[in-house]
file final.cif (mmCIF, C-alpha atoms and all ligand atoms)
data_work
loop_
_atom_site.label_atom_id
_atom_site.label_comp_id
_atom_site.auth_asym_id
_atom_site.auth_seq_id
_atom_site.Cartn_x
_atom_site.Cartn_y
_atom_site.Cartn_z
CA MET U 207 0.97 37.83 -13.76
CA ASP U 208 -1.23 34.93 -12.63
CA GLN U 209 -3.59 36.21 -9.91
CA LEU U 210 -4.84 32.78 -8.87
CA SER U 211 -3.96 31.44 -5.42
CA PRO U 212 -1.55 28.49 -5.36
CA LEU U 213 -4.45 26.14 -4.54
CA ALA U 214 -6.54 27.45 -7.42
CA GLN U 215 -3.56 27.06 -9.73
CA ILE U 216 -3.22 23.42 -8.71
CA ALA U 217 -6.95 22.84 -9.28
CA ARG U 218 -6.70 24.46 -12.74
CA ARG U 219 -3.91 22.23 -14.02
CA PRO U 220 -4.79 19.25 -16.19
CA ALA U 221 -4.40 16.00 -14.26
CA LEU U 222 -1.33 13.86 -14.74
CA THR U 223 -2.46 11.47 -17.45
CA ASP U 224 -0.76 8.43 -18.91
CA GLY U 225 -0.61 7.38 -22.55
CA PHE U 226 -3.87 5.42 -22.15
CA GLY U 227 -5.81 8.38 -20.74
CA ARG U 228 -5.74 7.20 -17.13
CA ALA U 229 -5.46 10.09 -14.65
CA ILE U 230 -2.84 9.44 -11.99
CA THR U 231 -4.17 10.74 -8.70
CA TYR U 232 -2.78 8.23 -6.22
CA LEU U 233 0.85 7.89 -5.16
CA ARG U 234 2.27 5.20 -2.92
CA VAL U 235 5.57 6.17 -1.35
CA SER U 236 7.85 3.67 0.31
CA LEU U 237 9.59 5.36 3.25
CA THR U 238 12.14 2.62 3.86
CA ASP U 239 13.19 -0.80 2.65
CA ARG U 240 13.69 -1.95 6.25
CA CYS U 241 11.25 -3.99 8.27
CA ASN U 242 11.06 -5.60 11.69
CA LEU U 243 9.21 -8.65 10.28
CA ARG U 244 10.25 -11.11 7.56
CA CYS U 245 7.02 -12.29 5.91
CA PHE U 246 8.11 -15.20 3.74
CA TYR U 247 6.03 -14.10 0.75
CA CYS U 248 7.53 -10.62 0.83
CA MET U 249 11.13 -10.66 2.03
CA GLY U 250 12.12 -14.25 2.36
CA LYS U 251 15.11 -14.99 4.57
CA GLU U 252 17.97 -13.38 2.67
CA VAL U 253 17.49 -9.63 2.82
CA LYS U 254 20.19 -7.10 2.18
CA PHE U 255 19.06 -3.61 3.09
CA LEU U 256 20.21 -0.50 1.26
CA PRO U 257 22.93 1.82 2.57
CA LYS U 258 21.32 4.87 4.16
CA ALA U 259 22.85 7.22 1.60
CA GLU U 260 20.77 5.62 -1.14
CA VAL U 261 17.50 6.29 0.66
CA LEU U 262 15.83 9.67 0.11
CA SER U 263 16.00 12.09 3.03
CA HIS U 264 12.81 13.51 4.58
CA GLU U 265 13.40 16.72 2.60
CA GLU U 266 13.81 14.84 -0.68
CA MET U 267 10.68 12.77 -0.04
CA ASP U 268 8.66 15.83 0.85
CA ARG U 269 9.87 17.66 -2.26
CA LEU U 270 9.03 14.70 -4.48
CA CYS U 271 5.56 14.35 -2.95
CA ALA U 272 5.00 18.07 -3.41
CA ALA U 273 5.83 17.75 -7.13
CA PHE U 274 3.31 14.91 -7.55
CA ILE U 275 0.70 16.91 -5.63
CA ARG U 276 1.22 19.93 -7.87
CA LEU U 277 0.67 17.56 -10.80
CA GLY U 278 -2.70 16.36 -9.49
CA VAL U 279 -2.04 13.57 -6.99
CA ARG U 280 -4.81 13.75 -4.34
CA LYS U 281 -4.11 10.67 -2.28
CA LEU U 282 -0.83 9.62 -0.75
CA ARG U 283 -0.21 6.25 0.89
CA LEU U 284 2.97 5.73 2.91
CA THR U 285 4.35 2.23 2.99
CA GLY U 286 7.62 0.31 3.12
CA GLY U 287 9.27 -1.98 4.21
CA GLU U 288 7.69 -1.03 7.46
CA PRO U 289 7.13 2.75 7.32
CA LEU U 290 7.06 3.15 11.10
CA VAL U 291 10.61 1.80 11.55
CA ARG U 292 12.00 4.80 9.66
CA HIS U 293 14.00 7.02 11.99
CA GLY U 294 12.11 10.23 12.83
CA VAL U 295 9.17 9.14 10.68
CA MET U 296 6.66 11.38 12.42
CA SER U 297 8.35 14.60 11.32
CA LEU U 298 7.90 13.54 7.68
CA ILE U 299 4.32 12.41 8.27
CA GLU U 300 3.54 15.73 9.99
CA ARG U 301 4.89 17.64 7.00
CA LEU U 302 2.79 15.61 4.60
CA GLY U 303 -0.23 15.82 6.90
CA ALA U 304 0.01 19.60 6.73
CA ARG U 305 -0.72 19.28 3.02
CA VAL U 306 -4.04 17.61 3.86
CA ALA U 307 -4.83 20.43 6.29
CA ALA U 308 -3.96 22.94 3.54
CA GLY U 309 -6.35 21.25 1.08
CA GLU U 310 -3.55 20.20 -1.28
CA LEU U 311 -4.24 16.52 -0.62
CA ASP U 312 -7.51 14.69 0.02
CA GLU U 313 -5.97 11.93 2.04
CA LEU U 314 -2.79 10.71 3.69
CA THR U 315 -2.84 7.03 4.61
CA LEU U 316 -0.44 4.38 5.77
CA THR U 317 0.06 0.66 5.25
CA THR U 318 1.78 -0.87 8.25
CA ASN U 319 2.41 -4.23 9.86
CA GLY U 320 0.98 -2.74 13.04
CA THR U 321 3.80 -3.73 15.39
CA LEU U 322 4.60 -0.09 16.24
CA LEU U 323 1.10 1.34 15.96
CA ALA U 324 0.52 1.45 19.71
CA LYS U 325 3.40 3.94 19.91
CA TYR U 326 2.42 6.04 16.90
CA ALA U 327 -1.39 5.92 16.57
CA PRO U 328 -2.16 9.12 18.53
CA ALA U 329 0.53 11.07 16.66
CA LEU U 330 -0.70 9.75 13.31
CA ALA U 331 -4.23 10.87 14.09
CA ALA U 332 -2.95 14.28 15.21
CA ALA U 333 -0.99 14.59 11.94
CA GLY U 334 -4.16 14.18 9.88
CA VAL U 335 -4.05 10.47 9.06
CA ARG U 336 -7.62 9.13 9.16
CA ARG U 337 -7.24 5.56 7.90
CA VAL U 338 -4.57 2.89 8.10
CA ASN U 339 -4.25 -0.52 6.53
CA VAL U 340 -2.77 -3.05 8.92
CA SER U 341 -1.39 -6.32 7.62
CA LEU U 342 -2.56 -9.24 9.71
CA ASP U 343 -2.71 -12.62 8.01
CA THR U 344 -3.81 -14.65 11.02
CA LEU U 345 -5.00 -14.43 14.61
CA ASP U 346 -3.04 -17.53 15.59
CA ALA U 347 0.31 -16.77 17.22
CA ALA U 348 2.10 -19.84 15.83
CA THR U 349 0.86 -19.18 12.30
CA PHE U 350 1.81 -15.50 12.67
CA SER U 351 5.39 -16.50 13.48
CA GLN U 352 5.43 -19.09 10.71
CA ILE U 353 4.50 -16.37 8.20
CA THR U 354 6.46 -13.40 9.57
CA GLN U 355 9.42 -15.40 10.90
CA ARG U 356 9.18 -13.24 14.03
CA PRO U 357 7.03 -13.09 17.17
CA GLY U 358 4.76 -10.06 17.47
CA LEU U 359 1.08 -10.93 17.14
CA ALA U 360 0.25 -9.31 20.51
CA ASP U 361 1.98 -6.08 19.42
CA VAL U 362 -0.06 -5.97 16.22
CA LEU U 363 -3.34 -6.59 18.06
CA GLY U 364 -2.41 -3.90 20.61
CA GLY U 365 -1.52 -1.55 17.76
CA ILE U 366 -4.89 -2.06 16.11
CA ASP U 367 -6.67 -1.32 19.39
CA ALA U 368 -4.60 1.85 19.80
CA ALA U 369 -5.41 2.92 16.26
CA ARG U 370 -9.14 2.43 16.82
CA SER U 371 -8.93 4.30 20.14
CA ALA U 372 -7.18 7.18 18.37
CA GLY U 373 -10.10 7.37 15.95
CA LEU U 374 -8.37 5.82 12.95
CA ALA U 375 -10.37 3.65 10.58
CA VAL U 376 -8.55 0.34 10.14
CA ARG U 377 -8.63 -2.07 7.23
CA ILE U 378 -6.97 -5.39 7.86
CA ASN U 379 -4.97 -6.77 4.91
CA ALA U 380 -4.45 -10.53 4.83
CA VAL U 381 -2.54 -12.36 2.11
CA ALA U 382 -4.41 -15.60 1.38
CA LEU U 383 -2.04 -18.55 1.69
CA ALA U 384 -3.29 -22.02 0.87
CA GLY U 385 -2.64 -24.47 3.68
CA ILE U 386 -1.29 -21.77 5.97
CA ASN U 387 -3.94 -19.25 6.98
CA ASP U 388 -6.98 -20.23 4.91
CA ALA U 389 -8.60 -22.10 7.80
CA GLY U 390 -8.64 -18.82 9.73
CA PHE U 391 -10.62 -16.57 7.36
CA ASP U 392 -13.87 -17.08 9.28
CA SER U 393 -12.13 -16.06 12.52
CA LEU U 394 -10.67 -12.99 10.81
CA ILE U 395 -14.08 -11.95 9.47
CA ARG U 396 -15.63 -12.38 12.93
CA TRP U 397 -12.76 -10.57 14.69
CA CYS U 398 -12.89 -7.68 12.21
CA GLY U 399 -16.62 -7.37 12.87
CA GLU U 400 -16.02 -7.25 16.61
CA HIS U 401 -13.25 -4.66 16.26
CA GLY U 402 -14.90 -2.37 13.70
CA CYS U 403 -12.47 -3.13 10.86
CA ASP U 404 -12.97 -3.97 7.20
CA LEU U 405 -10.95 -6.90 5.87
CA ALA U 406 -9.18 -7.23 2.52
CA LEU U 407 -7.99 -10.65 1.39
CA ILE U 408 -5.12 -10.42 -1.10
CA GLU U 409 -3.94 -12.94 -3.68
CA ARG U 410 -0.26 -13.66 -3.31
CA MET U 411 1.69 -12.06 -6.15
CA PRO U 412 4.84 -13.52 -7.69
CA LEU U 413 7.54 -10.88 -7.25
CA GLY U 414 11.27 -10.65 -6.79
CA GLY U 415 12.15 -14.08 -8.07
CA MET U 416 9.69 -15.80 -5.75
CA PRO U 417 6.92 -17.78 -7.41
CA ALA U 418 3.51 -17.59 -5.75
CA ALA U 419 3.72 -20.76 -3.66
CA HIS U 420 0.58 -21.28 -1.54
CA TYR U 421 -1.34 -19.20 -4.08
CA LEU U 422 -5.07 -19.32 -3.48
CA SER U 423 -7.66 -18.04 -5.96
CA LEU U 424 -9.94 -15.68 -4.09
CA ASP U 425 -12.87 -16.50 -6.39
CA ALA U 426 -12.97 -19.93 -4.80
CA VAL U 427 -12.49 -18.45 -1.32
CA ARG U 428 -15.39 -16.02 -1.82
CA ARG U 429 -17.70 -18.80 -3.02
CA GLU U 430 -16.79 -20.83 0.03
CA LEU U 431 -17.23 -17.94 2.46
CA ALA U 432 -20.63 -17.22 0.91
CA GLN U 433 -21.83 -20.60 2.21
CA ARG U 434 -21.44 -19.35 5.79
CA TRP U 435 -21.72 -15.57 5.52
CA THR U 436 -24.31 -13.42 3.77
CA LEU U 437 -22.28 -11.41 1.26
CA THR U 438 -23.76 -8.64 -0.86
CA PRO U 439 -21.75 -6.43 -3.26
CA ALA U 440 -20.70 -3.16 -1.62
CA ASP U 441 -19.34 -0.03 -3.22
CA GLY U 442 -16.06 0.53 -1.43
CA ASP U 443 -13.17 1.47 -3.64
CA ALA U 444 -15.05 0.58 -6.81
CA GLY U 445 -14.80 3.49 -9.19
CA SER U 446 -11.83 5.04 -7.41
CA GLY U 447 -9.32 2.93 -9.29
CA GLY U 448 -8.62 0.82 -6.20
CA PRO U 449 -8.11 -2.87 -6.79
CA CYS U 450 -10.25 -4.06 -3.86
CA ARG U 451 -13.77 -5.29 -4.60
CA TYR U 452 -15.88 -5.22 -1.46
CA TRP U 453 -18.79 -7.27 -0.17
CA LYS U 454 -20.89 -6.41 2.83
CA VAL U 455 -21.02 -9.14 5.48
CA LEU U 456 -24.57 -9.04 6.85
CA GLU U 457 -23.70 -10.91 10.06
CA THR U 458 -20.91 -8.48 11.09
CA GLY U 459 -21.99 -5.23 9.45
CA ARG U 460 -18.43 -4.79 8.07
CA ARG U 461 -17.01 -5.33 4.59
CA VAL U 462 -14.77 -8.05 3.24
CA GLY U 463 -12.79 -7.15 0.12
CA PHE U 464 -10.90 -9.24 -2.42
CA ILE U 465 -7.75 -8.06 -4.19
CA THR U 466 -7.25 -10.38 -7.14
CA PRO U 467 -4.42 -9.31 -9.44
CA LEU U 468 -3.96 -12.85 -10.73
CA SER U 469 -7.47 -14.18 -11.16
CA HIS U 470 -8.80 -10.79 -12.39
CA GLY U 471 -6.78 -7.92 -13.81
CA PHE U 472 -7.45 -4.50 -12.35
CA CYS U 473 -5.31 -2.43 -14.69
CA SER U 474 -7.85 -0.72 -16.92
CA ASP U 475 -8.80 1.85 -14.28
CA CYS U 476 -5.42 2.02 -12.55
CA ASN U 477 -4.87 5.50 -11.11
CA ARG U 478 -1.64 4.90 -9.21
CA VAL U 479 2.10 4.90 -9.38
CA ARG U 480 4.73 4.06 -6.78
CA VAL U 481 7.94 5.69 -5.61
CA THR U 482 10.48 3.53 -3.82
CA CYS U 483 12.53 4.80 -0.89
CA THR U 484 15.41 5.45 -3.29
CA GLY U 485 13.26 7.68 -5.48
CA ALA U 486 12.60 5.19 -8.28
CA LEU U 487 9.27 5.90 -9.94
CA VAL U 488 7.59 2.55 -10.62
CA MET U 489 4.75 2.84 -13.08
CA CYS U 490 3.51 -0.74 -12.66
CA MET U 491 4.61 -3.18 -9.98
CA ALA U 492 4.83 -6.01 -12.47
CA GLN U 493 6.70 -4.30 -15.29
CA PRO U 494 10.29 -3.19 -15.79
CA GLY U 495 11.25 0.40 -16.50
CA ASP U 496 11.65 2.41 -13.29
CA ILE U 497 12.57 6.07 -13.63
CA ASP U 498 15.29 7.40 -11.34
CA LEU U 499 13.88 10.57 -9.79
CA ARG U 500 16.63 10.67 -7.16
CA ALA U 501 19.10 11.59 -9.88
CA ALA U 502 16.95 14.60 -10.71
CA LEU U 503 16.50 15.50 -7.04
CA ARG U 504 20.21 15.26 -6.27
CA GLY U 505 21.34 16.64 -9.59
CA GLY U 506 19.96 20.11 -8.96
CA ALA U 507 16.73 19.80 -10.95
CA THR U 508 14.36 22.73 -10.53
CA ASP U 509 10.76 22.05 -9.48
CA GLU U 510 9.76 22.47 -13.12
CA GLY U 511 12.47 20.03 -14.19
CA LEU U 512 11.27 17.48 -11.65
CA GLU U 513 7.68 17.85 -12.80
CA ALA U 514 8.74 17.49 -16.45
CA ALA U 515 10.57 14.24 -15.61
CA ILE U 516 7.46 12.90 -13.86
CA ILE U 517 5.11 13.92 -16.69
CA ALA U 518 7.36 12.29 -19.31
CA ALA U 519 7.63 9.08 -17.28
CA ILE U 520 3.91 8.79 -16.68
CA LYS U 521 3.22 8.99 -20.42
CA ASP U 522 4.94 5.60 -20.69
CA LYS U 523 2.98 3.85 -17.92
CA PRO U 524 2.36 0.33 -19.25
CA VAL U 525 -1.19 -0.69 -20.03
CA GLY U 526 -1.23 -3.57 -17.56
CA HIS U 527 0.63 -6.18 -15.57
CA GLN U 528 1.82 -9.56 -16.78
CA PHE U 529 1.29 -11.60 -13.68
CA ASN U 530 0.70 -15.26 -13.98
CA LEU U 531 1.34 -17.95 -11.45
CA GLY U 532 5.05 -17.89 -12.20
CA GLU U 533 7.28 -14.85 -11.98
CA ALA U 534 6.01 -11.61 -13.50
CA PRO U 535 8.53 -10.93 -16.30
CA GLY U 536 9.53 -7.47 -15.20
CA ALA U 537 9.00 -7.73 -11.50
CA SER U 538 12.57 -7.87 -10.32
CA GLN U 539 11.76 -5.99 -7.12
CA ARG U 540 10.21 -7.63 -4.14
CA MET U 541 7.15 -6.34 -2.37
CA TRP U 542 9.15 -4.77 0.47
CA GLN U 543 11.01 -2.67 -2.11
CA LEU U 544 7.82 -1.71 -3.94
CA GLY U 545 5.67 -1.04 -0.90
CA GLY U 546 2.77 -3.29 -1.80
N1 LIG U 601 5.18 -3.48 6.12
C1 LIG U 601 3.90 -2.96 5.78
C2 LIG U 601 2.85 -4.02 5.82
O1 LIG U 601 3.20 -5.20 5.90
O2 LIG U 601 1.67 -3.67 5.77
C3 LIG U 601 3.86 -2.23 4.45
C4 LIG U 601 4.59 -2.84 3.30
S1 LIG U 601 3.96 -4.39 2.73
C5 LIG U 601 5.06 -4.71 1.38
C6 LIG U 601 2.45 -3.90 1.95
C7 LIG U 601 1.46 -5.03 1.68
O3 LIG U 601 2.00 -5.89 0.70
C8 LIG U 601 1.12 -5.88 2.88
O4 LIG U 601 -0.29 -5.89 3.07
C9 LIG U 601 1.62 -7.25 2.49
O5 LIG U 601 0.83 -8.26 3.04
C10 LIG U 601 1.53 -7.20 1.00
N2 LIG U 601 2.40 -8.16 0.31
C11 LIG U 601 3.72 -8.36 0.50
N3 LIG U 601 4.18 -9.32 -0.34
C12 LIG U 601 3.13 -9.73 -1.07
C13 LIG U 601 2.95 -10.69 -2.11
N4 LIG U 601 3.97 -11.43 -2.57
N5 LIG U 601 1.73 -10.82 -2.65
C14 LIG U 601 0.69 -10.08 -2.22
N6 LIG U 601 0.78 -9.16 -1.24
C15 LIG U 601 1.99 -8.99 -0.66
FE1 LIG U 602 7.68 -6.37 6.37
FE2 LIG U 602 5.30 -5.72 5.37
FE3 LIG U 602 6.99 -7.22 3.93
FE4 LIG U 602 5.87 -8.28 6.06
S1 LIG U 602 4.80 -7.57 4.23
S2 LIG U 602 8.07 -8.37 5.54
S3 LIG U 602 5.71 -6.58 7.40
S4 LIG U 602 7.31 -5.13 4.53
#

call {"tool": "encode", "arguments": {"input": "final.cif", "output": "structure tokens", "more": "lines below"}}
Ligand code: SAM
Ligand code: SF4
result
Amino acid sequence: MDQLSPLAQIARRPALTDGFGRAITYLRVSLTDRCNLRCFYCMGKEVKFLPKAEVLSHEEMDRLCAAFIRLGVRKLRLTGGEPLVRHGVMSLIERLGARVAAGELDELTLTTNGTLLAKYAPALAAAGVRRVNVSLDTLDAATFSQITQRPGLADVLGGIDAARSAGLAVRINAVALAGINDAGFDSLIRWCGEHGCDLALIERMPLGGMPAAHYLSLDAVRRELAQRWTLTPADGDAGSGGPCRYWKVLETGRRVGFITPLSHGFCSDCNRVRVTCTGALVMCMAQPGDIDLRAALRGGATDEGLEAAIIAAIKDKPVGHQFNLGEAPGASQRMWQLGG
């Protein structure tokens, strides 16, 4: 009989590794396809949400996360749609947070549009969340509504304040959109400095049948910003398989990062996979070939059966994406279905 504790047994297992030798240690889980905003680059206007029965229950999500954790996942990011619009979301986050407290996970994080953060920030901190990414493309109310097709800038700003007050580290995510928010990057950098946040600028990706209109190469943006700000390379996520390359901004003391899937690939050290809210395992956001883990969950699979399905799927993780400025060939899902 194995005398090792459950934690020691987890630590002893070989990491989940794909066919190219990349260890998969990071899982992004979409809690819902629903959202209270309609960012034009993500959802567009015509959105048809899934029937509730298709979405995994809290129990199913927790069981799936537990299987990935047993297989070596150390970092879990919850996303959506907007994760905080999910009914009863805190009970699921508390369950997952307990896995951080138990040492099974290194980190539980969240990507949110921030509109509901004022309500949830203290509970998130109490559940063991230490960092959140908040999407905020602009500080201008009219531009915010132009992008999100909803009002709500004040709620997001209030949510960020609440998160900081609750002790959460906040990174602001802004999708760079030529002719829409690019005149506001200096203001965002300054505001992030004043509010103790890092900033990540993201290249718009072509997903879900939507070409990347307003695409802006962040190489050019960085060169332009460097004329007004003193930028020096900073470590950040480099080496952790994260796609964000950070620069320290001398004038603010914070970092600005650039996520550049189109102008630079970041696949060779990819350590992540995604699970949608329906339990589809997505090995690469820009490639076809999702694996239906809900069928295993609802079809009576044992924990070992579930793990075997995950291990087999991960072996086939594609080597890299095929983004270009048009549609990525396999990317039939939109960002709100993939979770970013
Ligand atoms: N609703 C949450 C939010 O907005 O942060 C979480 C889900 S959202 C899909 C996750 C991230 O994907 C956001 O930072 C959003 O800006 C980004 N995103 C959505 N569509 C995108 C696109 N076409 N290209 C690049 N980033 C995109
Ligand atoms: Fe909603 Fe986030 Fe997509 Fe905007 S980016 S529509 S907030 S899911």

call {"tool": "closest_residue", "arguments": {"input": "final.cif", "among": "U:Leu374, U:Val291, U:Ala368, U:Ala304", "to": "ligand LIG 601 (chain U)", "atoms": "only C-alpha atoms and all ligand atoms"}}
result
U:Val291

call {"tool": "residues_near_ligand", "arguments": {"input": "final.cif", "ligand": "ligand LIG 602 (chain U)", "cutoff": "10 Å", "atoms": "all atoms listed in the file", "output": "PyMOL selection string"}}
result
chain U and resi 236+238-251+253+285-289+317-321+340-343+353-356+379-381+540-546

call {"tool": "atom_distance", "arguments": {"input": "final.cif", "atom1": "atom CA of Ala382 of chain U", "atom2": "atom CA of Ala440 of chain U"}}
result
20.7 Å

call {"tool": "closest_atom_pairs", "arguments": {"input": "final.cif", "of": "segment 231-276 of chain U", "to": "segment 470-490 of chain U", "cutoff": "7 Å", "atoms": "only C-alpha atoms", "output": "CSV"}}
result
residue,atom,partner,partner_atom,distance
U:Thr231,CA,U:Asn477,CA,5.8
U:Tyr232,CA,U:Arg478,CA,4.6
U:Leu233,CA,U:Val479,CA,5.3
U:Arg234,CA,U:Arg480,CA,4.7
U:Val235,CA,U:Val481,CA,4.9
U:Ser236,CA,U:Thr482,CA,4.9
U:Leu237,CA,U:Cys483,CA,5.1
U:Thr238,CA,U:Cys483,CA,5.2
U:Asp239,CA,U:Cys483,CA,6.7
U:Glu260,CA,U:Thr484,CA,5.8
U:Val261,CA,U:Thr484,CA,4.5
U:Leu262,CA,U:Thr484,CA,5.4

call {"tool": "atom_distance", "arguments": {"input": "final.cif", "atom1": "atom CA of Ala406 of chain U", "atom2": "atom CA of Gly385 of chain U"}}
result
18.5 Å

call {"tool": "closest_residue", "arguments": {"input": "final.cif", "among": "U:Leu290, U:Met296, U:Ala329, U:Val338", "to": "Leu316 of chain U", "atoms": "all atoms listed in the file"}}
result
U:Val338

call {"tool": "residues_near_point", "arguments": {"input": "final.cif", "point": "(-1.4, -10.5, 18.4)", "cutoff": "10 Å", "atoms": "only C-alpha atoms", "output": "list in words"}}
result
Gly320, Thr321, Leu342, Thr344, Leu345, Asp346, Ala347, Phe350, Pro357, Gly358, Leu359, Ala360, Asp361, Val362, Leu363, Gly364, Gly365 and Ile366 of chain U

call {"tool": "atom_distance", "arguments": {"input": "final.cif", "atom1": "atom CA of Leu503 of chain U", "atom2": "atom S1 of ligand LIG 601 (chain U)"}}
result
25.5 Å

call {"tool": "closest_residue", "arguments": {"input": "final.cif", "among": "U:Asp392, U:Glu266, U:Arg301, U:Lys254", "to": "Gly506 of chain U", "atoms": "only C-alpha atoms"}}
result
U:Glu266

call {"tool": "residues_near_point", "arguments": {"input": "final.cif", "point": "(-2.2, -18.3, -6.3)", "cutoff": "7 Å", "atoms": "all atoms listed in the file", "output": "ChimeraX atom specification"}}
result
/U:409-410,418-423,531

call {"tool": "residues_around", "arguments": {"input": "final.cif", "residues": "segment 269-271 of chain U", "least_positions_apart": "2", "cutoff": "10 Å", "atoms": "all atoms listed in the file", "output": "ChimeraX atom specification"}}
result
/U:233-235,262-267,273-277,279,282,302,305,481,485,499-500,503,509,512-513,516

call {"tool": "closest_residue", "arguments": {"input": "final.cif", "among": "U:Ile520, U:Ile395, U:Leu383, U:Ala308", "to": "ligand LIG 601 (chain U)", "atoms": "all atoms listed in the file"}}
result
U:Leu383

call {"tool": "residues_around", "arguments": {"input": "final.cif", "residues": "Ile465 of chain U", "least_positions_apart": "2", "cutoff": "8 Å", "atoms": "all atoms listed in the file", "output": "list in words"}}
result
Ala406, Leu407, Ile408, Glu409, Leu424, Pro449, Cys450, Arg451, Gly463 and Pro467 of chain U

call {"tool": "write_last_selection", "arguments": {"input": "final.cif", "atoms": "C-alpha atoms", "output": "short mmCIF file (atom, residue, chain, number, x, y, z; two decimals), in the frame of the given file"}}
result
data_model
loop_
_atom_site.label_atom_id
_atom_site.label_comp_id
_atom_site.auth_asym_id
_atom_site.auth_seq_id
_atom_site.Cartn_x
_atom_site.Cartn_y
_atom_site.Cartn_z
CA ALA U 406 -9.18 -7.23 2.52
CA LEU U 407 -7.99 -10.65 1.39
CA ILE U 408 -5.12 -10.42 -1.10
CA GLU U 409 -3.94 -12.94 -3.68
CA LEU U 424 -9.94 -15.68 -4.09
CA PRO U 449 -8.11 -2.87 -6.79
CA CYS U 450 -10.25 -4.06 -3.86
CA ARG U 451 -13.77 -5.29 -4.60
CA GLY U 463 -12.79 -7.15 0.12
CA PRO U 467 -4.42 -9.31 -9.44
#

call {"tool": "closest_residue", "arguments": {"input": "final.cif", "among": "U:Thr223, U:Asn339, U:Gln433, U:Ser297", "to": "ligand LIG 601 (chain U)", "atoms": "all atoms listed in the file"}}
result
U:Asn339

call {"tool": "closest_residue", "arguments": {"input": "final.cif", "among": "U:Gln352, U:Gly399, U:Val427, U:Asp496", "to": "Val455 of chain U", "atoms": "all atoms listed in the file"}}
result
U:Gly399

call {"tool": "axis_aligned_box", "arguments": {"input": "final.cif", "around": "ligand LIG 601 (chain U)", "padding_each_side": "3 Å", "output": "lines of an AutoDock Vina configuration file"}}
result
center_x = 2.4
center_y = -6.8
center_z = 1.7
size_x = 11.5
size_y = 15.2
size_z = 14.8

call {"tool": "decode", "arguments": {"input": "final.cif", "residues": "segment 395-431 of chain U", "atoms": "C-alpha atoms", "output": "tab-separated table (two decimals), in the first residue's frame"}}
result
chain	number	residue	atom	x	y	z
U	395	ILE	CA	-0.08	54.07	-17.90
U	396	ARG	CA	-0.29	57.14	-15.63
U	397	TRP	CA	-3.54	55.97	-13.99
U	398	CYS	CA	-2.13	52.48	-13.38
U	399	GLY	CA	0.90	54.07	-11.73
U	400	GLU	CA	-1.32	56.14	-9.47
U	401	HIS	CA	-3.47	53.14	-8.54
U	402	GLY	CA	-0.72	50.57	-8.01
U	403	CYS	CA	-1.62	48.39	-11.00
U	404	ASP	CA	0.43	46.81	-13.77
U	405	LEU	CA	-0.93	47.20	-17.29
U	406	ALA	CA	-1.00	44.65	-20.11
U	407	LEU	CA	-1.74	45.80	-23.63
U	408	ILE	CA	-3.15	43.00	-25.80
U	409	GLU	CA	-3.18	42.64	-29.57
U	410	ARG	CA	-6.66	42.01	-30.87
U	411	MET	CA	-7.00	38.40	-32.00
U	412	PRO	CA	-9.19	37.25	-34.88
U	413	LEU	CA	-11.64	34.74	-33.40
U	414	GLY	CA	-15.16	33.49	-33.96
U	415	GLY	CA	-15.55	34.68	-37.51
U	416	MET	CA	-14.52	38.23	-36.66
U	417	PRO	CA	-11.42	39.55	-38.39
U	418	ALA	CA	-9.13	41.72	-36.30
U	419	ALA	CA	-10.45	45.13	-37.37
U	420	HIS	CA	-8.66	47.98	-35.57
U	421	TYR	CA	-5.67	45.67	-35.12
U	422	LEU	CA	-2.63	47.51	-33.82
U	423	SER	CA	0.87	46.02	-33.72
U	424	LEU	CA	2.19	46.46	-30.22
U	425	ASP	CA	5.78	46.63	-31.46
U	426	ALA	CA	4.95	50.00	-32.95
U	427	VAL	CA	3.04	51.03	-29.82
U	428	ARG	CA	5.98	50.14	-27.57
U	429	ARG	CA	8.41	52.11	-29.73
U	430	GLU	CA	6.10	55.09	-29.56
U	431	LEU	CA	5.56	54.85	-25.81
